[in-house]
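entry_36.cif follows; it contains mmCIF, N, CA and C atoms; chains and numbers go by the auth columns.
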```
data_final
loop_
_atom_site.group_PDB
_atom_site.id
_atom_site.type_symbol
_atom_site.label_atom_id
_atom_site.label_comp_id
_atom_site.label_asym_id
_atom_site.label_seq_id
_atom_site.Cartn_x
_atom_site.Cartn_y
_atom_site.Cartn_z
_atom_site.B_iso_or_equiv
_atom_site.auth_seq_id
_atom_site.auth_asym_id
ATOM 1 N N MET A 1 0.877 -1.184 0.000 0.00 1 A
ATOM 2 C CA MET A 1 0.000 0.000 0.000 0.00 1 A
ATOM 3 C C MET A 1 0.902 1.218 0.000 0.00 1 A
ATOM 4 N N ASN A 2 0.841 2.255 0.279 0.00 2 A
ATOM 5 C CA ASN A 2 1.595 3.501 0.251 0.00 2 A
ATOM 6 C C ASN A 2 0.757 4.594 -0.379 0.00 2 A
ATOM 7 N N ASP A 3 -0.538 4.456 -0.294 0.00 3 A
ATOM 8 C CA ASP A 3 -1.427 5.524 -0.743 0.00 3 A
ATOM 9 C C ASP A 3 -1.287 6.714 0.192 0.00 3 A
ATOM 10 N N MET A 4 -1.391 7.913 -0.351 0.00 4 A
ATOM 11 C CA MET A 4 -1.292 9.123 0.461 0.00 4 A
ATOM 12 C C MET A 4 -2.659 9.472 1.040 0.00 4 A
ATOM 13 N N ILE A 5 -2.695 9.627 2.341 0.00 5 A
ATOM 14 C CA ILE A 5 -3.914 9.968 3.077 0.00 5 A
ATOM 15 C C ILE A 5 -3.678 11.299 3.778 0.00 5 A
ATOM 16 N N THR A 6 -4.656 12.204 3.703 0.00 6 A
ATOM 17 C CA THR A 6 -4.574 13.472 4.421 0.00 6 A
ATOM 18 C C THR A 6 -5.272 13.297 5.759 0.00 6 A
ATOM 19 N N ILE A 7 -4.578 13.665 6.820 0.00 7 A
ATOM 20 C CA ILE A 7 -5.140 13.598 8.169 0.00 7 A
ATOM 21 C C ILE A 7 -5.286 15.031 8.673 0.00 7 A
ATOM 22 N N LYS A 8 -6.494 15.387 9.129 0.00 8 A
ATOM 23 C CA LYS A 8 -6.734 16.713 9.700 0.00 8 A
ATOM 24 C C LYS A 8 -7.124 16.544 11.160 0.00 8 A
ATOM 25 N N TYR A 9 -6.511 17.362 12.013 0.00 9 A
ATOM 26 C CA TYR A 9 -6.759 17.325 13.456 0.00 9 A
ATOM 27 C C TYR A 9 -7.405 18.642 13.859 0.00 9 A
ATOM 28 N N PHE A 10 -8.341 18.586 14.786 0.00 10 A
ATOM 29 C CA PHE A 10 -9.082 19.773 15.186 0.00 10 A
ATOM 30 C C PHE A 10 -9.076 19.952 16.704 0.00 10 A
ATOM 31 N N GLY A 11 -9.333 21.187 17.121 0.00 11 A
ATOM 32 C CA GLY A 11 -9.531 21.523 18.529 0.00 11 A
ATOM 33 C C GLY A 11 -8.363 21.168 19.419 0.00 11 A
ATOM 34 N N GLU A 12 -8.696 20.668 20.616 0.00 12 A
ATOM 35 C CA GLU A 12 -7.666 20.358 21.608 0.00 12 A
ATOM 36 C C GLU A 12 -6.718 19.260 21.128 0.00 12 A
ATOM 37 N N ILE A 13 -7.183 18.404 20.239 0.00 13 A
ATOM 38 C CA ILE A 13 -6.309 17.357 19.713 0.00 13 A
ATOM 39 C C ILE A 13 -5.189 17.991 18.884 0.00 13 A
ATOM 40 N N ALA A 14 -5.551 18.904 17.984 0.00 14 A
ATOM 41 C CA ALA A 14 -4.549 19.595 17.157 0.00 14 A
ATOM 42 C C ALA A 14 -3.571 20.373 18.030 0.00 14 A
ATOM 43 N N GLU A 15 -4.086 21.021 19.062 0.00 15 A
ATOM 44 C CA GLU A 15 -3.224 21.792 19.956 0.00 15 A
ATOM 45 C C GLU A 15 -2.247 20.890 20.707 0.00 15 A
ATOM 46 N N ALA A 16 -2.745 19.770 21.213 0.00 16 A
ATOM 47 C CA ALA A 16 -1.909 18.888 22.030 0.00 16 A
ATOM 48 C C ALA A 16 -0.799 18.223 21.221 0.00 16 A
ATOM 49 N N ILE A 17 -1.084 17.871 19.970 0.00 17 A
ATOM 50 C CA ILE A 17 -0.061 17.199 19.168 0.00 17 A
ATOM 51 C C ILE A 17 0.707 18.180 18.283 0.00 17 A
ATOM 52 N N ASN A 18 0.309 19.455 18.340 0.00 18 A
ATOM 53 C CA ASN A 18 0.970 20.522 17.586 0.00 18 A
ATOM 54 C C ASN A 18 0.964 20.239 16.074 0.00 18 A
ATOM 55 N N CYS A 19 -0.192 19.813 15.586 0.00 19 A
ATOM 56 C CA CYS A 19 -0.332 19.494 14.166 0.00 19 A
ATOM 57 C C CYS A 19 -1.791 19.652 13.768 0.00 19 A
ATOM 58 N N LYS A 20 -2.045 20.413 12.710 0.00 20 A
ATOM 59 C CA LYS A 20 -3.413 20.579 12.215 0.00 20 A
ATOM 60 C C LYS A 20 -3.694 19.704 11.006 0.00 20 A
ATOM 61 N N GLU A 21 -2.653 19.406 10.238 0.00 21 A
ATOM 62 C CA GLU A 21 -2.844 18.599 9.036 0.00 21 A
ATOM 63 C C GLU A 21 -1.525 17.968 8.625 0.00 21 A
ATOM 64 N N GLU A 22 -1.610 16.743 8.124 0.00 22 A
ATOM 65 C CA GLU A 22 -0.439 16.074 7.591 0.00 22 A
ATOM 66 C C GLU A 22 -0.869 15.079 6.522 0.00 22 A
ATOM 67 N N GLN A 23 0.049 14.763 5.651 0.00 23 A
ATOM 68 C CA GLN A 23 -0.177 13.704 4.678 0.00 23 A
ATOM 69 C C GLN A 23 0.766 12.568 5.017 0.00 23 A
ATOM 70 N N ILE A 24 0.203 11.371 5.017 0.00 24 A
ATOM 71 C CA ILE A 24 1.039 10.217 5.329 0.00 24 A
ATOM 72 C C ILE A 24 0.846 9.151 4.260 0.00 24 A
ATOM 73 N N ALA A 25 1.855 8.329 4.094 0.00 25 A
ATOM 74 C CA ALA A 25 1.753 7.159 3.237 0.00 25 A
ATOM 75 C C ALA A 25 1.250 6.017 4.112 0.00 25 A
ATOM 76 N N ALA A 26 0.033 5.594 3.869 0.00 26 A
ATOM 77 C CA ALA A 26 -0.576 4.556 4.699 0.00 26 A
ATOM 78 C C ALA A 26 0.126 3.218 4.462 0.00 26 A
ATOM 79 N N LYS A 27 0.419 2.528 5.543 0.00 27 A
ATOM 80 C CA LYS A 27 1.075 1.226 5.450 0.00 27 A
ATOM 81 C C LYS A 27 0.073 0.122 5.158 0.00 27 A
ATOM 82 N N SER A 28 -1.200 0.396 5.405 0.00 28 A
ATOM 83 C CA SER A 28 -2.265 -0.593 5.223 0.00 28 A
ATOM 84 C C SER A 28 -3.489 0.119 4.661 0.00 28 A
ATOM 85 N N ASP A 29 -4.386 -0.632 4.040 0.00 29 A
ATOM 86 C CA ASP A 29 -5.620 -0.022 3.549 0.00 29 A
ATOM 87 C C ASP A 29 -6.758 -0.155 4.563 0.00 29 A
ATOM 88 N N ASN A 30 -6.432 -0.615 5.770 0.00 30 A
ATOM 89 C CA ASN A 30 -7.431 -0.781 6.822 0.00 30 A
ATOM 90 C C ASN A 30 -7.427 0.436 7.743 0.00 30 A
ATOM 91 N N LEU A 31 -8.579 1.069 7.887 0.00 31 A
ATOM 92 C CA LEU A 31 -8.670 2.282 8.703 0.00 31 A
ATOM 93 C C LEU A 31 -8.266 2.035 10.149 0.00 31 A
ATOM 94 N N SER A 32 -8.677 0.933 10.724 0.00 32 A
ATOM 95 C CA SER A 32 -8.328 0.648 12.122 0.00 32 A
ATOM 96 C C SER A 32 -6.821 0.583 12.318 0.00 32 A
ATOM 97 N N GLU A 33 -6.117 0.020 11.348 0.00 33 A
ATOM 98 C CA GLU A 33 -4.657 -0.056 11.443 0.00 33 A
ATOM 99 C C GLU A 33 -4.027 1.333 11.320 0.00 33 A
ATOM 100 N N LEU A 34 -4.594 2.179 10.479 0.00 34 A
ATOM 101 C CA LEU A 34 -4.103 3.557 10.363 0.00 34 A
ATOM 102 C C LEU A 34 -4.309 4.310 11.672 0.00 34 A
ATOM 103 N N ILE A 35 -5.469 4.154 12.282 0.00 35 A
ATOM 104 C CA ILE A 35 -5.734 4.815 13.566 0.00 35 A
ATOM 105 C C ILE A 35 -4.748 4.323 14.618 0.00 35 A
ATOM 106 N N GLU A 36 -4.440 3.045 14.605 0.00 36 A
ATOM 107 C CA GLU A 36 -3.468 2.510 15.564 0.00 36 A
ATOM 108 C C GLU A 36 -2.085 3.121 15.343 0.00 36 A
ATOM 109 N N GLU A 37 -1.695 3.305 14.077 0.00 37 A
ATOM 110 C CA GLU A 37 -0.433 3.989 13.767 0.00 37 A
ATOM 111 C C GLU A 37 -0.415 5.390 14.381 0.00 37 A
ATOM 112 N N LEU A 38 -1.521 6.113 14.213 0.00 38 A
ATOM 113 C CA LEU A 38 -1.609 7.474 14.739 0.00 38 A
ATOM 114 C C LEU A 38 -1.615 7.475 16.262 0.00 38 A
ATOM 115 N N ASN A 39 -2.256 6.457 16.871 0.00 39 A
ATOM 116 C CA ASN A 39 -2.229 6.330 18.328 0.00 39 A
ATOM 117 C C ASN A 39 -0.807 6.155 18.838 0.00 39 A
ATOM 118 N N GLU A 40 -0.039 5.337 18.145 0.00 40 A
ATOM 119 C CA GLU A 40 1.350 5.118 18.554 0.00 40 A
ATOM 120 C C GLU A 40 2.177 6.388 18.397 0.00 40 A
ATOM 121 N N LYS A 41 1.911 7.153 17.358 0.00 41 A
ATOM 122 C CA LYS A 41 2.678 8.371 17.085 0.00 41 A
ATOM 123 C C LYS A 41 2.317 9.501 18.051 0.00 41 A
ATOM 124 N N TYR A 42 1.022 9.676 18.325 0.00 42 A
ATOM 125 C CA TYR A 42 0.552 10.845 19.085 0.00 42 A
ATOM 126 C C TYR A 42 -0.152 10.522 20.409 0.00 42 A
ATOM 127 N N ASN A 43 -0.308 9.248 20.746 0.00 43 A
ATOM 128 C CA ASN A 43 -1.054 8.866 21.941 0.00 43 A
ATOM 129 C C ASN A 43 -2.476 9.449 21.909 0.00 43 A
ATOM 130 N N LEU A 44 -3.160 9.257 20.810 0.00 44 A
ATOM 131 C CA LEU A 44 -4.504 9.817 20.644 0.00 44 A
ATOM 132 C C LEU A 44 -5.535 9.189 21.568 0.00 44 A
ATOM 133 N N LYS A 45 -5.253 8.010 22.098 0.00 45 A
ATOM 134 C CA LYS A 45 -6.224 7.332 22.972 0.00 45 A
ATOM 135 C C LYS A 45 -6.569 8.158 24.201 0.00 45 A
ATOM 136 N N ARG A 46 -5.751 9.141 24.513 0.00 46 A
ATOM 137 C CA ARG A 46 -6.020 9.971 25.695 0.00 46 A
ATOM 138 C C ARG A 46 -7.163 10.950 25.448 0.00 46 A
ATOM 139 N N PHE A 47 -7.606 11.092 24.197 0.00 47 A
ATOM 140 C CA PHE A 47 -8.655 12.044 23.845 0.00 47 A
ATOM 141 C C PHE A 47 -9.950 11.339 23.456 0.00 47 A
ATOM 142 N N PRO A 48 -11.082 11.875 23.921 0.00 48 A
ATOM 143 C CA PRO A 48 -12.333 11.427 23.297 0.00 48 A
ATOM 144 C C PRO A 48 -12.335 12.028 21.891 0.00 48 A
ATOM 145 N N MET A 49 -12.773 11.268 20.897 0.00 49 A
ATOM 146 C CA MET A 49 -12.708 11.819 19.547 0.00 49 A
ATOM 147 C C MET A 49 -13.781 11.252 18.645 0.00 49 A
ATOM 148 N N ILE A 50 -14.039 12.015 17.609 0.00 50 A
ATOM 149 C CA ILE A 50 -14.943 11.641 16.533 0.00 50 A
ATOM 150 C C ILE A 50 -14.066 11.508 15.290 0.00 50 A
ATOM 151 N N ILE A 51 -14.339 10.490 14.495 0.00 51 A
ATOM 152 C CA ILE A 51 -13.579 10.260 13.276 0.00 51 A
ATOM 153 C C ILE A 51 -14.502 10.455 12.071 0.00 51 A
ATOM 154 N N ALA A 52 -14.007 11.175 11.076 0.00 52 A
ATOM 155 C CA ALA A 52 -14.748 11.334 9.823 0.00 52 A
ATOM 156 C C ALA A 52 -13.823 10.955 8.672 0.00 52 A
ATOM 157 N N LEU A 53 -14.367 10.222 7.726 0.00 53 A
ATOM 158 C CA LEU A 53 -13.630 9.845 6.530 0.00 53 A
ATOM 159 C C LEU A 53 -14.334 10.470 5.337 0.00 53 A
ATOM 160 N N ASN A 54 -13.609 11.324 4.623 0.00 54 A
ATOM 161 C CA ASN A 54 -14.179 12.047 3.482 0.00 54 A
ATOM 162 C C ASN A 54 -15.473 12.769 3.862 0.00 54 A
ATOM 163 N N GLN A 55 -15.434 13.404 5.020 0.00 55 A
ATOM 164 C CA GLN A 55 -16.500 14.248 5.567 0.00 55 A
ATOM 165 C C GLN A 55 -17.746 13.474 5.989 0.00 55 A
ATOM 166 N N ASN A 56 -17.599 12.166 6.211 0.00 56 A
ATOM 167 C CA ASN A 56 -18.693 11.343 6.724 0.00 56 A
ATOM 168 C C ASN A 56 -18.254 10.726 8.039 0.00 56 A
ATOM 169 N N ARG A 57 -19.044 10.967 9.085 0.00 57 A
ATOM 170 C CA ARG A 57 -18.704 10.420 10.397 0.00 57 A
ATOM 171 C C ARG A 57 -18.766 8.898 10.345 0.00 57 A
ATOM 172 N N ILE A 58 -17.779 8.272 10.962 0.00 58 A
ATOM 173 C CA ILE A 58 -17.716 6.812 10.969 0.00 58 A
ATOM 174 C C ILE A 58 -17.435 6.320 12.380 0.00 58 A
ATOM 175 N N GLU A 59 -17.665 5.056 12.592 0.00 59 A
ATOM 176 C CA GLU A 59 -17.349 4.410 13.862 0.00 59 A
ATOM 177 C C GLU A 59 -16.061 3.626 13.685 0.00 59 A
ATOM 178 N N LEU A 60 -15.207 3.650 14.685 0.00 60 A
ATOM 179 C CA LEU A 60 -13.918 2.970 14.585 0.00 60 A
ATOM 180 C C LEU A 60 -14.055 1.458 14.472 0.00 60 A
ATOM 181 N N ASN A 61 -15.156 0.897 14.921 0.00 61 A
ATOM 182 C CA ASN A 61 -15.307 -0.545 14.822 0.00 61 A
ATOM 183 C C ASN A 61 -15.782 -0.975 13.434 0.00 61 A
ATOM 184 N N ASP A 62 -16.078 -0.011 12.551 0.00 62 A
ATOM 185 C CA ASP A 62 -16.445 -0.341 11.185 0.00 62 A
ATOM 186 C C ASP A 62 -15.227 -0.901 10.454 0.00 62 A
ATOM 187 N N ASP A 63 -15.453 -1.878 9.601 0.00 63 A
ATOM 188 C CA ASP A 63 -14.372 -2.437 8.790 0.00 63 A
ATOM 189 C C ASP A 63 -14.294 -1.604 7.514 0.00 63 A
ATOM 190 N N ILE A 64 -13.479 -0.556 7.552 0.00 64 A
ATOM 191 C CA ILE A 64 -13.431 0.415 6.469 0.00 64 A
ATOM 192 C C ILE A 64 -12.080 0.362 5.776 0.00 64 A
ATOM 193 N N THR A 65 -12.134 0.387 4.453 0.00 65 A
ATOM 194 C CA THR A 65 -10.925 0.410 3.636 0.00 65 A
ATOM 195 C C THR A 65 -10.649 1.844 3.219 0.00 65 A
ATOM 196 N N ILE A 66 -9.397 2.270 3.378 0.00 66 A
ATOM 197 C CA ILE A 66 -9.005 3.610 2.948 0.00 66 A
ATOM 198 C C ILE A 66 -8.312 3.517 1.587 0.00 66 A
ATOM 199 N N LYS A 67 -8.440 4.603 0.829 0.00 67 A
ATOM 200 C CA LYS A 67 -7.889 4.639 -0.516 0.00 67 A
ATOM 201 C C LYS A 67 -7.015 5.876 -0.690 0.00 67 A
ATOM 202 N N ASN A 68 -6.261 5.883 -1.766 0.00 68 A
ATOM 203 C CA ASN A 68 -5.418 7.020 -2.093 0.00 68 A
ATOM 204 C C ASN A 68 -6.250 8.305 -2.124 0.00 68 A
ATOM 205 N N ASN A 69 -5.706 9.359 -1.545 0.00 69 A
ATOM 206 C CA ASN A 69 -6.326 10.684 -1.491 0.00 69 A
ATOM 207 C C ASN A 69 -7.540 10.793 -0.566 0.00 69 A
ATOM 208 N N ASP A 70 -7.789 9.786 0.259 0.00 70 A
ATOM 209 C CA ASP A 70 -8.848 9.921 1.261 0.00 70 A
ATOM 210 C C ASP A 70 -8.443 10.989 2.278 0.00 70 A
ATOM 211 N N GLU A 71 -9.457 11.564 2.933 0.00 71 A
ATOM 212 C CA GLU A 71 -9.224 12.567 3.971 0.00 71 A
ATOM 213 C C GLU A 71 -9.840 12.071 5.270 0.00 71 A
ATOM 214 N N LEU A 72 -9.003 11.999 6.290 0.00 72 A
ATOM 215 C CA LEU A 72 -9.440 11.562 7.610 0.00 72 A
ATOM 216 C C LEU A 72 -9.422 12.771 8.540 0.00 72 A
ATOM 217 N N ALA A 73 -10.513 13.005 9.240 0.00 73 A
ATOM 218 C CA ALA A 73 -10.576 14.111 10.200 0.00 73 A
ATOM 219 C C ALA A 73 -10.739 13.500 11.602 0.00 73 A
ATOM 220 N N ILE A 74 -9.950 14.031 12.537 0.00 74 A
ATOM 221 C CA ILE A 74 -10.003 13.598 13.929 0.00 74 A
ATOM 222 C C ILE A 74 -10.411 14.812 14.745 0.00 74 A
ATOM 223 N N LEU A 75 -11.597 14.730 15.331 0.00 75 A
ATOM 224 C CA LEU A 75 -12.197 15.875 16.008 0.00 75 A
ATOM 225 C C LEU A 75 -12.555 15.564 17.450 0.00 75 A
ATOM 226 N N PRO A 76 -12.520 16.552 18.318 0.00 76 A
ATOM 227 C CA PRO A 76 -13.046 16.351 19.668 0.00 76 A
ATOM 228 C C PRO A 76 -14.572 16.275 19.587 0.00 76 A
ATOM 229 N N PRO A 77 -15.229 15.678 20.577 0.00 77 A
ATOM 230 C CA PRO A 77 -16.691 15.619 20.563 0.00 77 A
ATOM 231 C C PRO A 77 -17.304 17.030 20.530 0.00 77 A
ATOM 232 N N PHE A 78 -18.443 17.132 19.916 0.00 78 A
ATOM 233 C CA PHE A 78 -19.145 18.403 19.834 0.00 78 A
ATOM 234 C C PHE A 78 -20.013 18.588 21.058 0.00 78 A
ATOM 235 N N ALA A 79 -20.132 19.815 21.492 0.00 79 A
ATOM 236 C CA ALA A 79 -21.009 20.142 22.623 0.00 79 A
ATOM 237 C C ALA A 79 -22.226 20.900 22.075 0.00 79 A
ATOM 238 N N GLY A 80 -23.380 20.521 22.506 0.00 80 A
ATOM 239 C CA GLY A 80 -24.596 21.209 22.068 0.00 80 A
ATOM 240 C C GLY A 80 -24.841 22.446 22.929 0.00 80 A
ATOM 241 N N GLY A 81 -25.714 23.303 22.441 0.00 81 A
ATOM 242 C CA GLY A 81 -25.965 24.444 23.299 0.00 81 A
ATOM 243 C C GLY A 81 -26.778 25.507 22.715 0.00 81 A
#
```
Exercise: express the given structure as structure tokens:
Amino acid sequence: MNDMITIKYFGEIAEAINCKEEQIAAKSDNLSELIEELNEKYNLKRFPMIIALNQNRIELNDDITIKNNDELAILPPFAGG
């Protein structure tokens, strides 16, 4: 694999890891494996988060395949009000 994926980070997550956006060459086409890579790099498990793939909210337990030029967004939970 080695498809390029754009990762966007928002809110307190972006602040804590000091990164708003990056492009990475994915080692696998499995989204769960990509998230695990990011967890190892940034310790993302410490944050509650919402994941969106190509602007569609997804659940991490979904068996999702990522493709070249996909966009992954990692966001803190939204507060209503």
### Message
I'd like to see the residues matched by the PyMOL selection byres (((chain A and resi 75 and name CA) around 8) and name CA) on this file, and ideally I'd get them as a list in words.
### Response
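Going through the file, the PyMOL selection byres (((chain A and resi 75 and name CA) around 8) and name CA) ends up selecting Tyr9, Phe10, Gly11, Ile13, Met49, Ile50, Ile51, Ala73, Ile74, Pro76 and Pro77 of chain A.
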#### Entry: DSSP helix (DSSP H, G or I) residues within region 7-70 of chain A, as a list of chain:residue names
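Here are the helix (DSSP H, G or I) residues of region 7-70 of chain A: A:Gly11, A:Glu12, A:Ile13, A:Ala14, A:Glu15, A:Ala16, A:Ile17, A:Leu31, A:Ser32, A:Glu33, A:Leu34, A:Ile35, A:Glu36, A:Glu37, A:Leu38, A:Asn39, A:Glu40, A:Lys41, A:Tyr42, A:Leu44, A:Lys45, A:Arg46.
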### Task
Return as number ranges by chain the set of residues that the PyMOL selection byres ((chain A and resi 28) around 8) yields on the displayed structure.
A: 1-3, 25-27, 29-31, 33-34, 65-67
### Task
Please measure the separation of CA of Leu44 (chain A) and CA of Asn69 (chain A), giving the value in Å to one decimal.
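Spanning CA of Leu44 (chain A) to CA of Asn69 (chain A) is a straight-line distance of 22.2 Å.
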### Message
As a check of understanding, name the residues that the PyMOL selection byres (((chain A and resi 17 and name CA) around 12) and name CA) selects in the supplied structure, as JSON, numbers by chain.
### Response
{"A": [8, 9, 10, 11, 12, 13, 14, 15, 16, 18, 19, 20, 21, 22, 38, 39, 41, 42, 43, 44, 46, 47, 74]}
